[in-house]
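As provided, coords26.pdb (PDB, C-alpha atoms) reads as follows.
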```
MODEL        1
ATOM      1  CA  MET A  17      24.453   6.352 142.616
ATOM      2  CA  MET A  18      26.602   4.589 139.996
ATOM      3  CA  ASN A  19      28.910   1.982 141.546
ATOM      4  CA  ARG A  20      32.616   2.662 141.207
ATOM      5  CA  PRO A  21      33.545  -0.194 138.812
ATOM      6  CA  ARG A  22      30.828   0.801 136.313
ATOM      7  CA  GLN A  23      31.943   4.417 136.666
ATOM      8  CA  TRP A  24      35.523   3.512 135.764
ATOM      9  CA  LEU A  25      34.315   1.417 132.817
ATOM     10  CA  GLY A  26      32.312   4.405 131.557
ATOM     11  CA  ILE A  27      35.319   6.690 131.902
ATOM     12  CA  GLY A  28      37.449   4.163 130.035
ATOM     13  CA  LEU A  29      34.987   4.026 127.132
ATOM     14  CA  ILE A  30      34.921   7.829 126.932
ATOM     15  CA  ILE A  31      38.729   7.936 126.811
ATOM     16  CA  LEU A  32      38.717   5.232 124.114
ATOM     17  CA  GLY A  33      36.244   7.252 122.046
ATOM     18  CA  VAL A  34      38.314  10.419 122.394
ATOM     19  CA  LEU A  35      41.450   8.572 121.257
ATOM     20  CA  PHE A  36      39.627   7.200 118.193
ATOM     21  CA  LEU A  37      38.457  10.730 117.369
ATOM     22  CA  LEU A  38      41.924  12.243 117.754
ATOM     23  CA  ASP A  39      43.361   9.471 115.578
ATOM     24  CA  ALA A  40      40.753  10.165 112.863
ATOM     25  CA  LEU A  41      41.683  13.854 112.986
ATOM     26  CA  ARG A  42      45.391  12.867 112.820
ATOM     27  CA  TYR A  43      46.327  14.533 116.088
ATOM     28  CA  VAL A  44      47.645  11.297 117.627
ATOM     29  CA  ASP A  45      48.694   7.854 116.392
ATOM     30  CA  PHE A  46      46.159   5.602 118.145
ATOM     31  CA  GLY A  47      47.884   2.453 116.901
ATOM     32  CA  GLU A  48      51.099   3.446 118.661
ATOM     33  CA  ILE A  49      49.192   4.176 121.886
ATOM     34  CA  VAL A  50      47.535   0.734 121.794
ATOM     35  CA  ARG A  51      50.856  -1.008 121.130
ATOM     36  CA  SER A  52      52.442   0.814 124.070
ATOM     37  CA  TYR A  53      49.656   0.665 126.663
ATOM     38  CA  TRP A  54      47.479  -2.400 125.958
ATOM     39  CA  PRO A  55      48.669  -4.171 129.170
ATOM     40  CA  VAL A  56      47.182  -1.293 131.174
ATOM     41  CA  LEU A  57      43.745  -2.070 129.677
ATOM     42  CA  ILE A  58      43.987  -5.678 130.844
ATOM     43  CA  ILE A  59      45.056  -4.619 134.339
ATOM     44  CA  LEU A  60      42.167  -2.150 134.628
ATOM     45  CA  TRP A  61      39.668  -4.766 133.440
ATOM     46  CA  GLY A  62      41.029  -7.266 135.974
ATOM     47  CA  VAL A  63      40.508  -4.754 138.784
ATOM     48  CA  LEU A  64      36.949  -4.155 137.562
ATOM     49  CA  VAL A  65      36.219  -7.895 137.508
ATOM     50  CA  LEU A  66      37.547  -8.342 141.047
ATOM     51  CA  PHE A  67      35.366  -5.524 142.356
ATOM     52  CA  ARG A  68      32.282  -6.899 140.625
ATOM     53  CA  ARG A  69      32.801 -10.460 141.859
ATOM     54  CA  ARG A  70      33.325  -9.257 145.408
ATOM     55  CA  ARG A  71      30.187  -7.109 145.291
ATOM     56  CA  PHE A  72      27.978  -9.908 143.953
ATOM     57  CA  GLY A  73      29.490 -12.432 146.350
ATOM     58  CA  GLU A  74      28.185 -10.398 149.286
ATOM     59  CA  THR A  75      24.574 -10.418 148.108
ATOM     60  CA  PRO A  76      22.000 -13.095 149.082
ATOM     61  CA  HIS A  77      21.351 -14.059 145.440
ATOM     62  CA  ASP A  78      24.820 -14.648 144.069
ATOM     63  CA  PHE A  79      25.131 -14.928 140.287
ATOM     64  CA  GLN A  80      26.798 -18.102 139.088
ATOM     65  CA  GLY A  81      29.457 -17.669 136.434
ATOM     66  CA  SER A  82      32.972 -16.501 135.846
ATOM     67  CA  ALA A  83      35.208 -13.769 134.535
ATOM     68  CA  SER A  84      37.754 -14.225 131.767
ATOM     69  CA  VAL A  85      40.348 -11.863 130.353
ATOM     70  CA  MET A  86      41.360 -13.731 127.182
ATOM     71  CA  GLY A  87      39.876 -16.674 125.298
ATOM     72  CA  ASP A  88      36.468 -17.936 124.215
ATOM     73  CA  VAL A  89      33.865 -19.090 126.720
ATOM     74  CA  ASP A  90      31.640 -21.997 125.634
ATOM     75  CA  SER A  91      29.583 -23.617 128.375
ATOM     76  CA  THR A  92      26.272 -25.183 129.364
ATOM     77  CA  SER A  93      24.766 -24.303 132.729
ATOM     78  CA  SER A  94      21.829 -25.619 134.741
ATOM     79  CA  GLU A  95      22.214 -22.858 137.349
ATOM     80  CA  GLU A  96      19.273 -20.550 138.022
ATOM     81  CA  THR A  97      21.304 -17.351 137.686
ATOM     82  CA  LEU A  98      24.426 -16.398 135.791
ATOM     83  CA  GLN A  99      27.158 -13.818 135.601
ATOM     84  CA  GLN A 100      29.762 -13.825 132.877
ATOM     85  CA  SER A 101      32.259 -11.169 131.815
ATOM     86  CA  ASN A 102      34.900 -11.452 129.121
ATOM     87  CA  VAL A 103      37.426  -9.082 127.559
ATOM     88  CA  PHE A 104      38.879 -10.848 124.493
ATOM     89  CA  GLY A 105      36.912 -13.720 122.981
ATOM     90  CA  ASP A 106      33.416 -14.942 122.180
ATOM     91  CA  VAL A 107      30.924 -15.965 124.862
ATOM     92  CA  ARG A 108      28.519 -18.831 124.124
ATOM     93  CA  LEU A 109      26.219 -19.838 126.972
ATOM     94  CA  ARG A 110      23.507 -22.504 126.892
ATOM     95  CA  ILE A 111      21.065 -22.353 129.802
ATOM     96  CA  THR A 112      19.142 -25.544 130.621
ATOM     97  CA  SER A 113      17.593 -24.547 133.957
ATOM     98  CA  HIS A 114      13.782 -24.559 134.008
ATOM     99  CA  THR A 115      13.783 -22.050 136.873
ATOM    100  CA  PHE A 116      16.087 -19.459 135.305
ATOM    101  CA  ARG A 117      16.242 -16.163 137.209
ATOM    102  CA  GLY A 118      18.271 -14.033 134.797
ATOM    103  CA  GLY A 119      21.670 -12.469 135.319
ATOM    104  CA  LYS A 120      24.346 -10.345 133.644
ATOM    105  CA  VAL A 121      26.674 -10.961 130.724
ATOM    106  CA  SER A 122      29.249  -8.437 129.493
ATOM    107  CA  THR A 123      31.917  -8.535 126.793
ATOM    108  CA  VAL A 124      34.429  -6.057 125.386
ATOM    109  CA  PHE A 125      35.901  -7.680 122.247
ATOM    110  CA  GLY A 126      33.826 -10.638 121.048
ATOM    111  CA  ASP A 127      30.401 -11.981 120.119
ATOM    112  CA  THR A 128      27.852 -13.098 122.709
ATOM    113  CA  THR A 129      25.320 -15.912 122.264
ATOM    114  CA  ILE A 130      22.890 -16.837 125.042
ATOM    115  CA  ASP A 131      20.730 -19.871 124.243
ATOM    116  CA  LEU A 132      17.691 -20.257 126.498
ATOM    117  CA  SER A 133      15.752 -22.438 124.053
ATOM    118  CA  ASP A 134      16.025 -25.585 126.206
ATOM    119  CA  GLY A 135      15.246 -23.855 129.502
ATOM    120  CA  GLY A 136      12.413 -22.161 131.358
ATOM    121  CA  LEU A 137      11.775 -19.430 133.902
ATOM    122  CA  ALA A 138      11.112 -19.226 137.617
ATOM    123  CA  ASP A 139       7.824 -17.592 138.638
ATOM    124  CA  GLY A 140       7.556 -13.816 138.352
ATOM    125  CA  GLU A 141       9.565 -11.341 136.303
ATOM    126  CA  GLN A 142      13.190 -12.285 135.694
ATOM    127  CA  VAL A 143      15.759  -9.877 134.229
ATOM    128  CA  LEU A 144      18.642 -10.604 131.843
ATOM    129  CA  ASN A 145      21.124  -7.768 131.172
ATOM    130  CA  VAL A 146      23.592  -8.113 128.300
ATOM    131  CA  SER A 147      26.147  -5.491 127.279
ATOM    132  CA  GLY A 148      29.086  -5.344 124.900
ATOM    133  CA  VAL A 149      31.450  -2.962 123.139
ATOM    134  CA  PHE A 150      32.789  -4.667 119.965
ATOM    135  CA  GLY A 151      30.778  -7.649 118.702
ATOM    136  CA  ASP A 152      27.331  -9.047 117.955
ATOM    137  CA  CYS A 153      24.828 -10.313 120.522
ATOM    138  CA  THR A 154      22.241 -13.076 120.006
ATOM    139  CA  VAL A 155      19.650 -14.232 122.561
ATOM    140  CA  ARG A 156      17.618 -17.359 121.691
ATOM    141  CA  LEU A 157      14.319 -17.845 123.533
ATOM    142  CA  PRO A 158      12.150 -20.925 124.089
ATOM    143  CA  LYS A 159       8.938 -21.224 122.111
ATOM    144  CA  GLY A 160       5.998 -19.561 123.850
ATOM    145  CA  LEU A 161       8.099 -17.566 126.308
ATOM    146  CA  VAL A 162       6.529 -14.282 127.438
ATOM    147  CA  TYR A 163       9.199 -11.603 127.171
ATOM    148  CA  SER A 164      10.006  -7.905 126.978
ATOM    149  CA  VAL A 165      12.985  -6.657 124.965
ATOM    150  CA  SER A 166      14.818  -3.363 125.147
ATOM    151  CA  GLY A 167      17.602  -3.544 122.557
ATOM    152  CA  HIS A 168      20.014  -0.785 121.593
ATOM    153  CA  THR A 169      23.180  -0.449 119.528
ATOM    154  CA  VAL A 170      25.135   2.663 118.646
ATOM    155  CA  PHE A 171      26.518   1.334 115.343
ATOM    156  CA  GLY A 172      24.676  -1.711 113.988
ATOM    157  CA  SER A 173      21.211  -3.229 113.799
ATOM    158  CA  VAL A 174      18.633  -4.529 116.276
ATOM    159  CA  LYS A 175      16.322  -7.389 115.283
ATOM    160  CA  THR A 176      13.549  -9.044 117.296
ATOM    161  CA  PRO A 177      10.861 -11.487 116.080
ATOM    162  CA  ASP A 178       8.605  -8.561 115.085
ATOM    163  CA  GLN A 179      10.881  -5.567 114.520
ATOM    164  CA  ARG A 180      14.152  -4.520 112.913
ATOM    165  CA  ARG A 181      16.062  -1.232 113.144
ATOM    166  CA  GLU A 182      19.360  -0.253 111.514
ATOM    167  CA  GLY A 183      21.703   2.712 111.473
ATOM    168  CA  VAL A 184      23.267   4.933 114.087
ATOM    169  CA  SER A 185      21.722   4.541 117.553
ATOM    170  CA  ALA A 186      19.194   1.874 116.550
ATOM    171  CA  SER A 187      16.714   0.827 119.250
ATOM    172  CA  VAL A 188      13.842  -1.641 119.569
ATOM    173  CA  ILE A 189      11.353  -2.016 122.401
ATOM    174  CA  GLN A 190       9.015  -4.996 122.125
ATOM    175  CA  GLU A 191       6.720  -6.745 124.599
ATOM    176  CA  SER A 192       4.722  -9.947 124.316
ATOM    177  CA  PRO A 193       0.937  -9.582 124.577
ATOM    178  CA  GLY A 194      -0.182  -9.922 128.189
ATOM    179  CA  TYR A 195       3.365  -9.460 129.488
ATOM    180  CA  SER A 196       2.474  -7.679 132.735
ATOM    181  CA  GLU A 197      -0.088 -10.349 133.708
ATOM    182  CA  ALA A 198       2.024 -13.406 132.848
ATOM    183  CA  ALA A 199       3.020 -15.674 135.744
ATOM    184  CA  LYS A 200       6.483 -16.188 134.198
ATOM    185  CA  ARG A 201       8.142 -13.506 132.085
ATOM    186  CA  LEU A 202      11.630 -12.419 131.066
ATOM    187  CA  LYS A 203      12.805  -8.829 130.726
ATOM    188  CA  ILE A 204      15.786  -8.584 128.370
ATOM    189  CA  ASN A 205      17.989  -5.490 128.253
ATOM    190  CA  VAL A 206      20.648  -5.621 125.525
ATOM    191  CA  SER A 207      23.094  -2.806 124.811
ATOM    192  CA  GLN A 208      25.939  -2.883 122.282
ATOM    193  CA  VAL A 209      28.265  -0.138 121.041
ATOM    194  CA  PHE A 210      29.640  -1.619 117.788
ATOM    195  CA  GLY A 211      27.632  -4.633 116.631
ATOM    196  CA  ASP A 212      24.266  -6.214 115.865
ATOM    197  CA  VAL A 213      21.644  -7.300 118.405
ATOM    198  CA  ARG A 214      19.329 -10.232 117.661
ATOM    199  CA  VAL A 215      16.592 -11.737 119.829
ATOM    200  CA  GLU A 216      15.228 -14.965 118.356
ATOM    201  CA  GLY A 217      12.156 -16.817 119.554
TER     202      GLY A 217
ENDMDL
END
```
Show me, as structure tokens, the structure contained in the file I just sent.
Amino acid sequence: MMNRPRQWLGIGLIILGVLFLLDALRYVDFGEIVRSYWPVLIILWGVLVLFRRRRFGETPHDFQGSASVMGDVDSTSSEETLQQSNVFGDVRLRITSHTFRGGKVSTVFGDTTIDLSDGGLADGEQVLNVSGVFGDCTVRLPKGLVYSVSGHTVFGSVKTPDQRREGVSASVIQESPGYSEAAKRLKINVSQVFGDVRVEG
């Protein structure tokens, strides 16, 4: 069953889409709604962040990271796992751990860059989930890393080392040769609404 914070985020995105549609059809003035109610969006996002941090804090494998409402995030981490969420601003993360175990990164308004080129993986399959609403996403991989990519964007392009797709609802699924047998491998799930997705390796 979908957890409650993700459910509320989904409902919020649906409402946002409906408002954009009504504005395009000239039934409502979306700009006036945003000017009047933008603090409510920040409050709702803060509640979501609190719920998520509490939920992950109760699990045995806590993600290391932070949540930010406004401002860019630019950091280097040697932690094995990460969690980062941001509402307004770009997120730039450089991972140097050689036993990286994946994590989650989410943004609403801003670009995301995750640089794993100086790091490595722990044994087994590790999973990195990245999601965003408005902005581009770039994931940089170390040379020789065995990986699987599932990339999707509603409006934009998806580019991996071997494939490129553009247009509405562009998707790419790519897997390194011998992925399922590799001792160390990274599964990357990237989903954007408005923006480009790039996986570089």
Item checked: Residue members of the PyMOL selection byres ((chain A and resi 88-99) around 6) in the file shown, as a list of chain:residue names -> A:Phe79, A:Gln80, A:Gly81, A:Gly87, A:Gln100, A:Gly105, A:Asp106, A:Val107, A:Arg108, A:Leu109, A:Arg110, A:Ile111, A:Thr112, A:Ser113, A:Thr115, A:Phe116, A:Arg117, A:Gly118, A:Gly119, A:Lys120, A:Val121
Check: Any chance you could work out the residue set of the PyMOL selection byres ((chain A and resi 168) around 9) here, as a list in words?
Finding: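 Selected by the PyMOL selection byres ((chain A and resi 168) around 9) here: Ser166, Gly167, Thr169, Val170, Gly172, Ser173, Val174, Ser185, Ala186, Ser187, Val188, Ile189, Asn205, Val206, Ser207, Gln208, Val209, Asp212 and Val213 of chain A.
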Check: What does the distance from CA of Ile31 in chain A to CA of Val149 in chain A come to in Å, to one decimal?
Finding: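 The value is 13.6 Å.
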Margin query: If I take CA of Asp134 in chain A and CA of Leu161 in chain A, how far is one from the other in Å, to one decimal?
Written below: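 Computing the Euclidean distance for CA of Asp134 in chain A and CA of Leu161 in chain A yields 11.3 Å.
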Return as a short mmCIF file (atom, residue, chain, number, x, y, z; two decimals) with C-alpha atoms, in the coordinates of the input the set of residues that the PyMOL selection byres ((chain A and resi 201-203) around 7) yields on the displayed structure.
```
data_model
loop_
_atom_site.label_atom_id
_atom_site.label_comp_id
_atom_site.auth_asym_id
_atom_site.auth_seq_id
_atom_site.Cartn_x
_atom_site.Cartn_y
_atom_site.Cartn_z
CA GLY A 140 7.56 -13.82 138.35
CA GLU A 141 9.56 -11.34 136.30
CA GLN A 142 13.19 -12.28 135.69
CA VAL A 143 15.76 -9.88 134.23
CA LEU A 144 18.64 -10.60 131.84
CA VAL A 162 6.53 -14.28 127.44
CA TYR A 163 9.20 -11.60 127.17
CA SER A 164 10.01 -7.90 126.98
CA VAL A 165 12.98 -6.66 124.96
CA TYR A 195 3.36 -9.46 129.49
CA ALA A 198 2.02 -13.41 132.85
CA ALA A 199 3.02 -15.67 135.74
CA LYS A 200 6.48 -16.19 134.20
CA ILE A 204 15.79 -8.58 128.37
CA ASN A 205 17.99 -5.49 128.25
#
```
Checklist line | Interatomic distance, CA of Phe210 in chain A to CA of Thr123 in chain A (Å, one decimal) | finding: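 Value for the CA of Phe210 in chain A-CA of Thr123 in chain A distance: 11.6 Å.
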Item checked: Pick from A:Ser101, A:Ser196, A:Asn145, A:Ser133, whichever lies nearest to Glu216 in chain A using only C-alpha atoms -> A:Ser133
Write out as a short mmCIF file (atom, residue, chain, number, x, y, z; two decimals) with C-alpha atoms, keeping the file's coordinate frame the residues lying within 10 Å of Gly160 in chain A, counting all atoms listed in the file and excluding same-chain residues fewer than 3 positions away.
```cif
data_model
loop_
_atom_site.label_atom_id
_atom_site.label_comp_id
_atom_site.auth_asym_id
_atom_site.auth_seq_id
_atom_site.Cartn_x
_atom_site.Cartn_y
_atom_site.Cartn_z
CA LEU A 157 14.32 -17.84 123.53
CA TYR A 163 9.20 -11.60 127.17
CA SER A 192 4.72 -9.95 124.32
CA GLY A 217 12.16 -16.82 119.55
#
```
